[in-house]
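Visitor: Here it is: the structure, laid out below.
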Number of protein chains: 4
Amino acid sequence: MQDVRVGMVGYKFMGKAHSHAYRDLPMFFPQVPKPVMKLICGRDEAGVKQAAEQFGWEGYVTDWRELLQRDDIDLIDINAPSDAHKEIAIAAARAGKHLFCEKPLALTLEDAREMLAEAEAAGVKHMVGFNYRFAPAVQLAKKLVAEGRLGQIYHFRAWFLQDWIVDPDFPLVWRLQKEIAGSGSHGDLGAHLIDLAHFLVGDIDEVIGMSETFVKERPLPSSMTGLSAKGAKDAPRGPVTVDDATLFMARFSNGALGSFEATRFAPGHRCTNSFEINGSLGSVKFDFERMNELQVYFTSDADDVQGFRRVLATDPAHAYSEAWWPPGHTIGYEHTFIHETVELMKALEENRQPAPDFRDGVKCQEVLEAVDRSIAERRWVKTSEV
Amino acid sequence: MQDVRVGMVGYKFMGKAHSHAYRDLPMFFPQVPKPVMKLICGRDEAGVKQAAEQFGWEGYVTDWRELLQRDDIDLIDINAPSDAHKEIAIAAARAGKHLFCEKPLALTLEDAREMLAEAEAAGVKHMVGFNYRFAPAVQLAKKLVAEGRLGQIYHFRAWFLQDWIVDPDFPLVWRLQKEIAGSGSHGDLGAHLIDLAHFLVGDIDEVIGMSETFVKERPLPSSMTGLSAKGAKDAPRGPVTVDDATLFMARFSNGALGSFEATRFAPGHRCTNSFEINGSLGSVKFDFERMNELQVYFTSDADDVQGFRRVLATDPAHAYSEAWWPPGHTIGYEHTFIHETVELMKALEENRQPAPDFRDGVKCQEVLEAVDRSIAERRWVKTSEV
Amino acid sequence: MQDVRVGMVGYKFMGKAHSHAYRDLPMFFPQVPKPVMKLICGRDEAGVKQAAEQFGWEGYVTDWRELLQRDDIDLIDINAPSDAHKEIAIAAARAGKHLFCEKPLALTLEDAREMLAEAEAAGVKHMVGFNYRFAPAVQLAKKLVAEGRLGQIYHFRAWFLQDWIVDPDFPLVWRLQKEIAGSGSHGDLGAHLIDLAHFLVGDIDEVIGMSETFVKERPLPSSMTGLSAKGAKDAPRGPVTVDDATLFMARFSNGALGSFEATRFAPGHRCTNSFEINGSLGSVKFDFERMNELQVYFTSDADDVQGFRRVLATDPAHAYSEAWWPPGHTIGYEHTFIHETVELMKALEENRQPAPDFRDGVKCQEVLEAVDRSIAERRWVKTSEV
Amino acid sequence: MQDVRVGMVGYKFMGKAHSHAYRDLPMFFPQVPKPVMKLICGRDEAGVKQAAEQFGWEGYVTDWRELLQRDDIDLIDINAPSDAHKEIAIAAARAGKHLFCEKPLALTLEDAREMLAEAEAAGVKHMVGFNYRFAPAVQLAKKLVAEGRLGQIYHFRAWFLQDWIVDPDFPLVWRLQKEIAGSGSHGDLGAHLIDLAHFLVGDIDEVIGMSETFVKERPLPSSMTGLSAKGAKDAPRGPVTVDDATLFMARFSNGALGSFEATRFAPGHRCTNSFEINGSLGSVKFDFERMNELQVYFTSDADDVQGFRRVLATDPAHAYSEAWWPPGHTIGYEHTFIHETVELMKALEENRQPAPDFRDGVKCQEVLEAVDRSIAERRWVKTSEV
């Protein structure tokens, strides 16, 4: 079992989450290869230097190209802003490095496909960061579906609700700028829902969407970092160029109906990444704000005690739980990244593709793009069209 | 203050709910006119006779036309199966009777409009039975919206989930037959959501929907009554001609986005009539299975104690509560009908239209029909088109 | 099947609840004898006259003795303030009338025992108004215990939390005066918990309690009626002579441990009458503010889907549900009284004692008194001592 | 700012939790001194060697005395089984090491007092591991109480419910043996509740308790480690010498009433460490299974929107949140240890006692012992008596 030597590009929100995963993994999952935190890369030297020290990286660089030239790096972890993914990923693949790229893979479907093609051509392993798959409660949902315990799936309804930009004076951060972020709630939040749909239900056949930007201009920030930014209310304003909310309906290849909603304008919802699945034999419900829980219903329960069970996915029977604490001792957001990294390490050891990989990233992007087209053209769009 | 003498057509599920409302109203709302339970009408003499006695009607008839000829009847309450509404309502209006008609008003928009026109021409009062408006928690939601306490509305998402026909051997009852029921989950459940949307948010501009019939054939029942039916699994099967599930997205005239889902294929949901509204200043959530509760969130709450409040709408500050029990002593489904009847009695006393009236019924039908058309033509349809 | 002719003493909160039960019963439970609302009695002629009309009684009297002299009255329903129970009940028993008495049976154990003895000597039927037994979810809990589905019972913990007198300026109503009410939260709320304990778990062997009156003086009210009262903040104050809160621990005869708390000083709790039972095979939880629900857990559930189920006790498998509405259509507080009356009517028809009867009332009073003594003497007191 | 060099005794459940805290702390709290993981100690060489590697300690020893002789160790972390705490702590204090000891401090109050006296005599800093104080939601409760936002406190009710030994064939692990564990649910679970009571409400004046061992004999395990053990159902059985459940009532010095329950016999509760506080101005509720949430109620809320708010304690306004993830991204059990360690590191830097310290440990032990005595003597016992 060989260590995996990592070079990482990006050191803000996702950089911190990934770093922590590398750091914690060997302690809780000693049975998988150990990620070695070699180099972290960022353009701002002061910032990346501090991050390197704080997060525990051996060193730092300010040009990601350096990472590719190093022999002692096996894996490139890309969590820089979305507009930088493509160039780095392709160069890294060509340099023979394995790839771990945050979602969304790229700003456009075309770019994503190119990234996949290059990764496959280079024969490297590639993973995309749909971390929510790795909540134990989501893994339980997957298991119940896969084992047929929910029967034939009829409905998948999902919504990712946040409220961090409801204040119209919240500044115009990079996530609200199309040229950097690609899209707004759709690519940021909706992408997660789409991946969960693929993971839990299957392929999507066709979609139709709608979207809106409720607050059309915002104050330009004086400075920004990660998710936060500073700025005066009375600063000059610039246009918001991404969607504040995007909804769509979908038909799955297996006949199930899908309903999706991603918004940053739902006061009271800090991070309600939620789905429900209804099948012929039962249902499950999940809400990330209570990420340790899965609500489970079976039609076969005795007549007088039918009801959704609140399953706390911390029992020995649940994924990853043995690595953590006794039943009832819950885990948090960051653990999804640790589990994701476990999958990545295992896949590298077994010389197989990790899941989800760039194909899942492309598939997600196809749906995102089909939805965008359906909005522009006001009609149902098949995923096979894009 | 004059009593209101009622003749009622129908004596099953809704007939029972209405009868009970008439019966209980004078005890809890002595300040409004008293409904007098004159005659109940049904085609099956044995059945209607028993209902008359059990529910407390003075008498019964088997031909609804008799009700119209009676001088001692002021109001015709129509809760027979949907395909009978139109003929009775129009005849009753022409006979100068006030009208209280269950939803959906009619099988088609055209019929509904004709009913409205006739009622208006006759100068009678008319009400349509969207009873969910009258849950105190829904009234509270309305109050918060009307007083601007939620600010500008961004989102309305609503779903009405049931599971009573998930079993594919459940028989082909009348509610699954288009010629009697008009539609399936769409008209039965979706109609309630649409009315709540109108009541709480406002007019809908355009819609696009999708629908599905998951179980396409079912055993023919040997007998049926109300919601239930008997029949053998191996009885001959007939085609289900209505939708099992209908979803749609909507854009409101005020710019809000709407998402609607009505299904009878959601195991674990007996009667989840649920909505959420997100506005610039706050949000509310409602679930009919916990009908006494409204979840309320305000962005203006102090920074460290922001969160959805579970408001039990049984306090003196809440609608109708003074008529009932002390705070915390909850009420049930049937009370929505009592409150609905209070509105009807008050309106008749004040010589004004009750709300919701046939115009609301027509407006609901317009949306239903626009959705149907959008499904058939696979495109966005404006409500102004239908 | 003979009608049961009722004379009722009391016309406020409980009088309204009972009247409504008599009124609704024949409509929903036509298979049991019909209660006939003959005469209602109250000392204030204007008040009782209005109540008689509003609630639907045939007539009224202002002296309860008149009820006893009437041949056309079979049952005396006593829901006057607690200090009047004893005299009325004993006189009614001697007059050969069946008895339905609100809880607490009497102000003291001695009085309660005398009432029971007189009722038994007279050979009349007697019932005591522990209405919470009759919530369908509580009936389900009873069924699960009785069928052994929870195994051996280890724990019963129960609390009845209210907050209506938290404001220190709330006036000194009769329920806060020992000579009329007997006790405060202990007899008002704790009595219900004790009866539920008896009903669900069994006899209590010994107890130890503690209590407190947090607000020791309150403004004298200028007028009061039922639960409410009027008065100025700056009115003269009088002493509160009952407990604001009483807690106690108990050991059941079957070895289970009990924990009880009754308080009127729990802000946010309007009517949290709640219990949990833990047994060797499972657990149940109940909260009256969500009275249609029972949380149920079984140790035998599959390893990966263990969790409390939220059972909505509105399915055909649940007590009383067939009389009401389709699954998921909930009922409210007042229905507990209707179900209670169903039991009373059935028992009279079958010439048997209803349950709970005066023996249950006495048993409850024994525990109340044992707790009082344990508080006074600061020691464990056996119920057999009192 | 100097690093703090740690030597730790114990490497099982708590050893893992503490190790992880030391490991994660510098990444998320770079502003406090860094704990350096020098040496870990355990009696089983193979076990402790593996733990050292897996958890990231520089080395290991098998005799804790070695830790005391090392100049490069500043702090001794004691999380060995409870019966070993005293000897190690006293020796470490005498060696001039700072102390961080898991709860319960010792098997008896006398021992705990001796430990405190020695630590004070030695002038070292000392902390006791009541980690639940450090959940952000608990910190919020503390803040609301401290700022007077709940007013005068009337009630504290708390229960710690688990179910890991409900199966009567679960083996006789060390936690069920009095000579090693000191007590059962009382010292293990109840101790946490008592500390929370001290932290949130204040000193306890007097108590009375009851306890029970439901399963009196269990199979002897063939092997055991941490919380788990292996053994055959038909192995010879030995006596359970600790309590399965202990309940007690308490009166606080400030007049509040307390109710406490600790049990390992509550099926469905994996780790329900829960409390509620009722004050004159509001209430809070906490359940560790949803550890990111605090339910908060204020009497001053507007009349029509009163209700418990579900506050997700992940906002910038909440303790520790800035170190973690954006609002709504929850944390888990292990984070309580990280926050606890932050307090410890800060205190050492500021040359002050951390909180909670050994005095808090002694105070907790006083209550535990007073409860034990009250059980033995069946009477109220003042904490000042023990």
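Letters A, B, ... mark the chains of the structure tokens in the order given; residue numbers begin at 1 per chain; ligand numbers begin at 1, in order shown.
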For Ser183 of chain C, work out the shell of residues within 7 Å, counting only C-alpha atoms and skipping chain neighbours fewer than 5 positions away, then give it as a ChimeraX atom specification.
Guide: /C:178,242-243
Visitor: For a quick test of understanding: name the residues of chain B lying within 6 Å of chain C when counting only C-alpha atoms, and present them as a compact mmCIF listing (two decimals) with C-alpha atoms, in the first residue's frame.
Guide:
```
# COMPACT_ATOMS: atom_id res chain seq x y z
CA MET B 27 -72.39 25.87 19.05
CA GLN B 54 -77.13 9.95 11.19
CA PHE B 55 -76.04 13.44 10.20
CA ARG B 270 -51.24 10.11 3.96
CA CYS B 271 -52.18 13.73 3.42
CA PRO B 327 -54.00 27.53 23.60
CA GLY B 328 -52.27 24.27 22.73
CA HIS B 329 -55.52 22.34 22.43
CA THR B 330 -55.48 21.51 18.76
CA ILE B 331 -58.22 21.14 16.21
CA GLY B 332 -58.54 18.85 13.19
CA TYR B 333 -59.43 18.45 9.56
```
Visitor: Report as an MDAnalysis selection string all protein, DNA and RNA residues lying within 8 Å of Leu68 of chain B, evaluated on only C-alpha atoms, omitting residues in the same chain fewer than 6 positions from it.
Guide: chainID B and resid 91:92 95 97
Visitor: Quick one: write out the picked residues with C-alpha atoms as a short mmCIF file (atom, residue, chain, number, x, y, z; two decimals), in the first residue's frame?
Guide:
```
data_model
loop_
_atom_site.label_atom_id
_atom_site.label_comp_id
_atom_site.auth_asym_id
_atom_site.auth_seq_id
_atom_site.Cartn_x
_atom_site.Cartn_y
_atom_site.Cartn_z
CA ALA B 91 -80.34 24.84 -12.19
CA ALA B 92 -80.02 25.94 -8.59
CA ALA B 95 -83.97 28.75 -9.10
CA LYS B 97 -80.65 29.53 -4.62
#
```
Visitor: Excluding segment 141-152 of chain A and any residue of its chain fewer than 5 positions from it, enumerate the residues within 10 Å of it, using only C-alpha atoms, and give them as a PyMOL selection string.
Guide: (chain A and resi 133+135-136+196+199-201+254-256+276-286+294-299+318-319) or (chain B and resi 267) or (chain C and resi 304-305)
Visitor: With N, CA and C atoms retained, write the just-selected residues as a compact mmCIF listing (two decimals), in the first residue's frame.
Guide:
```txt
# COMPACT_ATOMS: atom_id res chain seq x y z
N ARG A 133 -22.62 12.77 -1.79
CA ARG A 133 -22.81 11.32 -1.89
C ARG A 133 -22.29 10.59 -0.66
N ALA A 135 -22.21 11.37 2.58
CA ALA A 135 -22.86 11.38 3.89
C ALA A 135 -23.40 9.97 4.13
N PRO A 136 -23.17 9.41 5.30
CA PRO A 136 -23.66 8.05 5.57
C PRO A 136 -25.16 7.88 5.32
N LEU A 196 -26.81 13.79 -7.14
CA LEU A 196 -27.54 12.88 -6.24
C LEU A 196 -28.62 12.12 -7.00
N PHE A 199 -26.92 9.47 -8.93
CA PHE A 199 -26.41 8.45 -8.00
C PHE A 199 -27.54 7.57 -7.47
N LEU A 200 -28.67 8.20 -7.16
CA LEU A 200 -29.72 7.49 -6.44
C LEU A 200 -30.80 6.93 -7.35
N VAL A 201 -31.06 7.59 -8.47
CA VAL A 201 -32.18 7.18 -9.31
C VAL A 201 -31.74 6.71 -10.69
N ASN A 254 -35.79 5.70 -16.31
CA ASN A 254 -36.58 4.59 -15.73
C ASN A 254 -38.03 4.97 -15.47
N GLY A 255 -38.44 6.14 -15.93
CA GLY A 255 -39.85 6.51 -15.81
C GLY A 255 -40.16 7.38 -14.60
N ALA A 256 -39.22 7.53 -13.70
CA ALA A 256 -39.48 8.37 -12.53
C ALA A 256 -39.59 9.84 -12.93
N GLU A 276 -36.21 13.78 -1.55
CA GLU A 276 -37.11 12.69 -1.17
C GLU A 276 -37.28 11.78 -2.36
N ILE A 277 -37.30 10.50 -2.08
CA ILE A 277 -37.53 9.48 -3.11
C ILE A 277 -38.76 8.68 -2.72
N ASN A 278 -39.69 8.52 -3.65
CA ASN A 278 -40.85 7.67 -3.42
C ASN A 278 -40.82 6.50 -4.38
N GLY A 279 -40.88 5.31 -3.84
CA GLY A 279 -40.92 4.11 -4.67
C GLY A 279 -42.13 3.27 -4.33
N SER A 280 -42.30 2.21 -5.07
CA SER A 280 -43.50 1.38 -4.86
C SER A 280 -43.49 0.68 -3.51
N LEU A 281 -42.33 0.52 -2.89
CA LEU A 281 -42.25 -0.18 -1.61
C LEU A 281 -41.87 0.71 -0.44
N GLY A 282 -41.56 1.96 -0.75
CA GLY A 282 -41.16 2.82 0.36
C GLY A 282 -40.61 4.15 -0.10
N SER A 283 -40.23 4.94 0.87
CA SER A 283 -39.75 6.30 0.61
C SER A 283 -38.57 6.61 1.53
N VAL A 284 -37.74 7.55 1.09
CA VAL A 284 -36.72 8.11 1.98
C VAL A 284 -36.70 9.62 1.83
N LYS A 285 -36.31 10.29 2.92
CA LYS A 285 -36.18 11.75 2.92
C LYS A 285 -34.85 12.13 3.58
N PHE A 286 -34.22 13.14 3.04
CA PHE A 286 -32.93 13.58 3.57
C PHE A 286 -32.89 15.10 3.59
N LEU A 294 -31.68 9.85 8.13
CA LEU A 294 -32.46 9.54 6.94
C LEU A 294 -33.84 9.12 7.42
N GLN A 295 -34.86 9.71 6.85
CA GLN A 295 -36.23 9.31 7.14
C GLN A 295 -36.57 8.18 6.17
N VAL A 296 -37.05 7.07 6.71
CA VAL A 296 -37.28 5.88 5.89
C VAL A 296 -38.68 5.34 6.14
N TYR A 297 -39.39 5.03 5.09
CA TYR A 297 -40.75 4.47 5.20
C TYR A 297 -40.86 3.21 4.35
N PHE A 298 -41.49 2.19 4.91
CA PHE A 298 -41.74 0.96 4.16
C PHE A 298 -43.23 0.66 4.14
N THR A 299 -43.74 0.35 2.97
CA THR A 299 -45.16 -0.01 2.87
C THR A 299 -45.44 -1.35 3.55
N HIS A 318 -24.15 1.17 9.27
CA HIS A 318 -24.10 2.28 8.32
C HIS A 318 -22.68 2.56 7.82
N ALA A 319 -22.62 3.03 6.59
CA ALA A 319 -21.33 3.27 5.94
C ALA A 319 -20.44 4.19 6.77
N PRO B 267 -45.43 6.96 -0.89
CA PRO B 267 -45.62 6.15 0.32
C PRO B 267 -45.14 6.87 1.58
N ASP C 304 -30.08 -1.72 9.75
CA ASP C 304 -29.72 -0.46 9.09
C ASP C 304 -30.86 0.53 9.00
N VAL C 305 -32.03 0.16 9.49
CA VAL C 305 -33.17 1.09 9.42
C VAL C 305 -33.88 1.19 10.77
```
Visitor: So that I can check the surroundings of Asp111 of chain A, please list as a PyMOL selection string every protein, DNA and RNA residue that reaches within 10 Å of it, counting only C-alpha atoms and ignoring chain neighbours fewer than 4 positions away.
Guide: chain A and resi 85-87+105-107+115-117+362+365
Visitor: Which parts of segment 120-343 of chain A does DSSP call strand (DSSP E or B) when run on the backbone here, written out as a VMD selection string?
Guide: chain A and resid 126 to 128 153 to 161 204 to 212 217 to 219 223 to 225 228 to 230 237 to 239 245 to 252 257 to 263 272 to 279 282 to 287 293 to 298 307 to 312
Visitor: Would you mind exporting C-alpha atoms of the selected residues as a short mmCIF file (atom, residue, chain, number, x, y, z; two decimals), in the first residue's frame?
Guide:
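Below is the file part15.cif, written as the result:
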```
data_model
loop_
_atom_site.label_atom_id
_atom_site.label_comp_id
_atom_site.auth_asym_id
_atom_site.auth_seq_id
_atom_site.Cartn_x
_atom_site.Cartn_y
_atom_site.Cartn_z
CA HIS A 126 -10.06 11.20 -12.23
CA MET A 127 -12.58 12.10 -9.59
CA VAL A 128 -15.07 14.95 -9.27
CA ILE A 153 -38.90 4.57 -8.14
CA TYR A 154 -41.74 6.97 -8.95
CA HIS A 155 -40.56 10.33 -7.66
CA PHE A 156 -37.36 12.17 -6.91
CA ARG A 157 -37.86 15.65 -5.55
CA ALA A 158 -34.93 17.71 -4.44
CA TRP A 159 -34.21 21.21 -3.38
CA PHE A 160 -31.09 23.00 -2.29
CA LEU A 161 -32.11 26.12 -0.43
CA ILE A 204 -32.21 11.82 -16.77
CA ASP A 205 -33.90 11.81 -20.12
CA GLU A 206 -35.30 15.26 -20.52
CA VAL A 207 -35.71 18.48 -18.61
CA ILE A 208 -37.41 21.83 -18.58
CA GLY A 209 -36.36 24.66 -16.36
CA MET A 210 -36.92 28.24 -15.28
CA SER A 211 -34.68 30.68 -13.50
CA GLU A 212 -34.56 34.16 -12.06
CA GLU A 217 -27.36 44.79 -9.12
CA ARG A 218 -25.16 44.62 -6.04
CA PRO A 219 -22.42 46.74 -4.45
CA SER A 223 -12.20 42.83 -0.95
CA MET A 224 -13.29 39.25 -0.92
CA THR A 225 -12.09 35.87 0.19
CA SER A 228 -17.25 36.26 2.26
CA ALA A 229 -16.58 39.76 1.14
CA LYS A 230 -16.46 43.24 2.49
CA ARG A 237 -23.05 48.61 -8.04
CA GLY A 238 -22.44 46.06 -10.74
CA PRO A 239 -24.74 43.62 -12.48
CA ALA A 245 -32.70 30.55 -8.41
CA THR A 246 -33.19 27.80 -10.96
CA LEU A 247 -35.94 25.20 -10.95
CA PHE A 248 -36.50 22.35 -13.32
CA MET A 249 -38.58 19.24 -13.87
CA ALA A 250 -37.15 16.05 -15.28
CA ARG A 251 -38.11 12.68 -16.59
CA PHE A 252 -35.73 9.87 -15.72
CA LEU A 257 -40.47 12.04 -12.34
CA GLY A 258 -38.02 14.58 -11.00
CA SER A 259 -38.46 18.01 -9.49
CA PHE A 260 -35.46 20.19 -8.72
CA GLU A 261 -35.02 23.58 -7.14
CA ALA A 262 -31.88 25.49 -6.32
CA THR A 263 -32.07 28.91 -4.76
CA THR A 272 -31.06 22.77 3.07
CA ASN A 273 -29.79 20.22 0.60
CA SER A 274 -32.79 17.98 0.67
CA PHE A 275 -34.31 15.18 -1.35
CA GLU A 276 -37.11 12.69 -1.17
CA ILE A 277 -37.53 9.48 -3.11
CA ASN A 278 -40.85 7.67 -3.42
CA GLY A 279 -40.92 4.11 -4.67
CA GLY A 282 -41.16 2.82 0.36
CA SER A 283 -39.75 6.30 0.61
CA VAL A 284 -36.72 8.11 1.98
CA LYS A 285 -36.18 11.75 2.92
CA PHE A 286 -32.93 13.58 3.57
CA ASP A 287 -32.04 17.09 4.71
CA GLU A 293 -30.54 11.35 9.63
CA LEU A 294 -32.46 9.54 6.94
CA GLN A 295 -36.23 9.31 7.14
CA VAL A 296 -37.28 5.88 5.89
CA TYR A 297 -40.75 4.47 5.20
CA PHE A 298 -41.74 0.96 4.16
CA GLY A 307 -44.63 5.83 9.59
CA PHE A 308 -41.38 7.43 8.56
CA ARG A 309 -38.54 6.22 10.74
CA ARG A 310 -35.87 8.67 11.71
CA VAL A 311 -32.75 6.59 11.19
CA LEU A 312 -29.61 8.06 12.68
#
```
Visitor: Near segment 45-49 of chain A, counting only C-alpha atoms, which residues have an atom at most 7 Å away, once you skip same-chain residues fewer than 5 positions from it, shown as a PDB file with N, CA and C atoms, in the first residue's frame?
Guide:
```
ATOM      1  N   TYR A  11      -6.976  27.229  -1.966  1.00  0.00           N
ATOM      2  CA  TYR A  11      -6.741  27.127  -0.516  1.00  0.00           C
ATOM      3  C   TYR A  11      -7.790  27.867   0.292  1.00  0.00           C
ATOM      4  N   TYR A  60       4.592  25.195  -0.317  1.00  0.00           N
ATOM      5  CA  TYR A  60       3.615  25.857  -1.175  1.00  0.00           C
ATOM      6  C   TYR A  60       4.308  26.385  -2.425  1.00  0.00           C
ATOM      7  N   THR A  62       3.324  29.194  -5.975  1.00  0.00           N
ATOM      8  CA  THR A  62       2.344  30.174  -6.434  1.00  0.00           C
ATOM      9  C   THR A  62       1.971  29.964  -7.911  1.00  0.00           C
TER      10      THR A  62
END
```
Visitor: Figure out the distance between atom CA of Val215 of chain C and atom CA of Pro168 of chain C, please, to one decimal in Å.
Guide: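 Going from atom CA of Pro168 of chain C over to atom CA of Val215 of chain C covers 6.2 Å.
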Visitor: Extract, using only C-alpha atoms, all DNA, RNA and protein residues at most 12 Å from Asp357 of chain B, discarding same-chain residues fewer than 4 positions from it, and format them as a compact mmCIF listing (two decimals) with N, CA and C atoms, in the first residue's frame.
Guide:
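Just written: part.txt:
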```txt
# COMPACT_ATOMS: atom_id res chain seq x y z
N HIS B 98 -78.72 30.28 -3.36
CA HIS B 98 -77.28 30.48 -3.19
C HIS B 98 -76.57 29.14 -3.36
N LEU B 99 -75.28 29.24 -3.73
CA LEU B 99 -74.55 28.02 -4.10
C LEU B 99 -73.31 27.83 -3.26
N PHE B 100 -73.11 26.60 -2.82
CA PHE B 100 -71.88 26.23 -2.16
C PHE B 100 -71.45 24.93 -2.82
N CYS B 101 -70.41 25.01 -3.65
CA CYS B 101 -70.03 23.86 -4.47
C CYS B 101 -68.63 23.38 -4.11
N GLU B 102 -68.51 22.10 -3.95
CA GLU B 102 -67.18 21.52 -3.69
C GLU B 102 -66.27 21.72 -4.91
N LYS B 103 -65.00 21.66 -4.65
CA LYS B 103 -64.03 21.73 -5.74
C LYS B 103 -63.79 20.33 -6.25
N PRO B 104 -63.35 20.14 -7.49
CA PRO B 104 -63.25 21.19 -8.50
C PRO B 104 -64.65 21.57 -8.97
N LEU B 105 -64.77 22.84 -9.30
CA LEU B 105 -66.07 23.36 -9.69
C LEU B 105 -66.71 22.47 -10.77
N ALA B 112 -66.89 25.35 -15.91
CA ALA B 112 -66.75 26.18 -14.72
C ALA B 112 -67.15 27.61 -15.03
N MET B 115 -70.84 27.99 -15.25
CA MET B 115 -71.42 28.00 -13.91
C MET B 115 -71.30 29.37 -13.27
N LEU B 116 -70.13 29.95 -13.42
CA LEU B 116 -69.91 31.29 -12.85
C LEU B 116 -70.85 32.30 -13.49
N ALA B 119 -74.34 31.87 -12.28
CA ALA B 119 -74.50 32.32 -10.89
C ALA B 119 -74.54 33.83 -10.83
N GLU B 120 -73.68 34.46 -11.61
CA GLU B 120 -73.66 35.91 -11.61
C GLU B 120 -74.94 36.47 -12.23
N VAL B 124 -77.10 35.30 -7.43
CA VAL B 124 -77.01 34.56 -6.16
C VAL B 124 -75.58 34.60 -5.65
N LYS B 125 -75.42 34.25 -4.37
CA LYS B 125 -74.08 34.14 -3.80
C LYS B 125 -73.52 32.76 -4.14
N HIS B 126 -72.21 32.70 -4.31
CA HIS B 126 -71.61 31.41 -4.67
C HIS B 126 -70.26 31.25 -3.98
N MET B 127 -70.04 30.05 -3.51
CA MET B 127 -68.79 29.74 -2.82
C MET B 127 -68.27 28.41 -3.36
N VAL B 128 -66.93 28.29 -3.38
CA VAL B 128 -66.34 27.02 -3.79
C VAL B 128 -65.51 26.48 -2.62
N GLY B 129 -65.50 25.16 -2.49
CA GLY B 129 -65.02 24.55 -1.26
C GLY B 129 -63.52 24.33 -1.13
N PHE B 130 -62.77 25.40 -1.20
CA PHE B 130 -61.33 25.25 -0.93
C PHE B 130 -61.11 25.38 0.57
N ASN B 131 -61.35 24.30 1.25
CA ASN B 131 -61.40 24.34 2.71
C ASN B 131 -60.05 24.59 3.38
N ASP B 195 -55.22 26.86 -5.45
CA ASP B 195 -56.01 27.85 -4.72
C ASP B 195 -55.19 28.49 -3.60
N PHE B 199 -54.43 32.39 -3.14
CA PHE B 199 -54.80 33.01 -1.87
C PHE B 199 -53.59 33.68 -1.23
N GLU B 340 -64.97 27.46 7.07
CA GLU B 340 -65.44 27.77 5.72
C GLU B 340 -66.92 28.15 5.76
N GLU B 343 -67.52 31.59 7.14
CA GLU B 343 -67.36 32.61 6.12
C GLU B 343 -68.60 32.69 5.23
N LEU B 344 -69.14 31.55 4.88
CA LEU B 344 -70.32 31.51 4.03
C LEU B 344 -71.52 32.17 4.73
N ALA B 347 -71.05 35.93 4.99
CA ALA B 347 -71.21 36.60 3.70
C ALA B 347 -72.69 36.74 3.36
N ARG B 352 -72.86 39.86 0.83
CA ARG B 352 -71.67 39.98 -0.02
C ARG B 352 -71.26 38.59 -0.49
N GLN B 353 -70.37 38.57 -1.46
CA GLN B 353 -69.83 37.31 -1.93
C GLN B 353 -68.93 36.69 -0.86
N GLY B 361 -62.90 29.56 -8.17
CA GLY B 361 -62.99 28.22 -8.74
C GLY B 361 -62.60 28.22 -10.20
N VAL B 362 -63.06 29.24 -10.92
CA VAL B 362 -62.71 29.34 -12.35
C VAL B 362 -61.22 29.60 -12.50
N LYS B 363 -60.70 30.48 -11.69
CA LYS B 363 -59.27 30.81 -11.76
C LYS B 363 -58.42 29.56 -11.51
N CYS B 364 -58.84 28.78 -10.58
CA CYS B 364 -58.13 27.53 -10.31
C CYS B 364 -58.21 26.61 -11.54
```
Visitor: What does the structure give for the distance between atom CA of Val32 of chain C and atom CA of Tyr320 of chain C, in Å to one decimal?
Guide: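 Atom CA of Tyr320 of chain C lies 12.7 Å from atom CA of Val32 of chain C.
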Visitor: Can you work out the spacing between atom CA of Leu172 of chain A and atom CA of Val367 of chain A in Å, to one decimal?
Guide: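 We find that atom CA of Leu172 of chain A and atom CA of Val367 of chain A lie 26.7 Å from each other.
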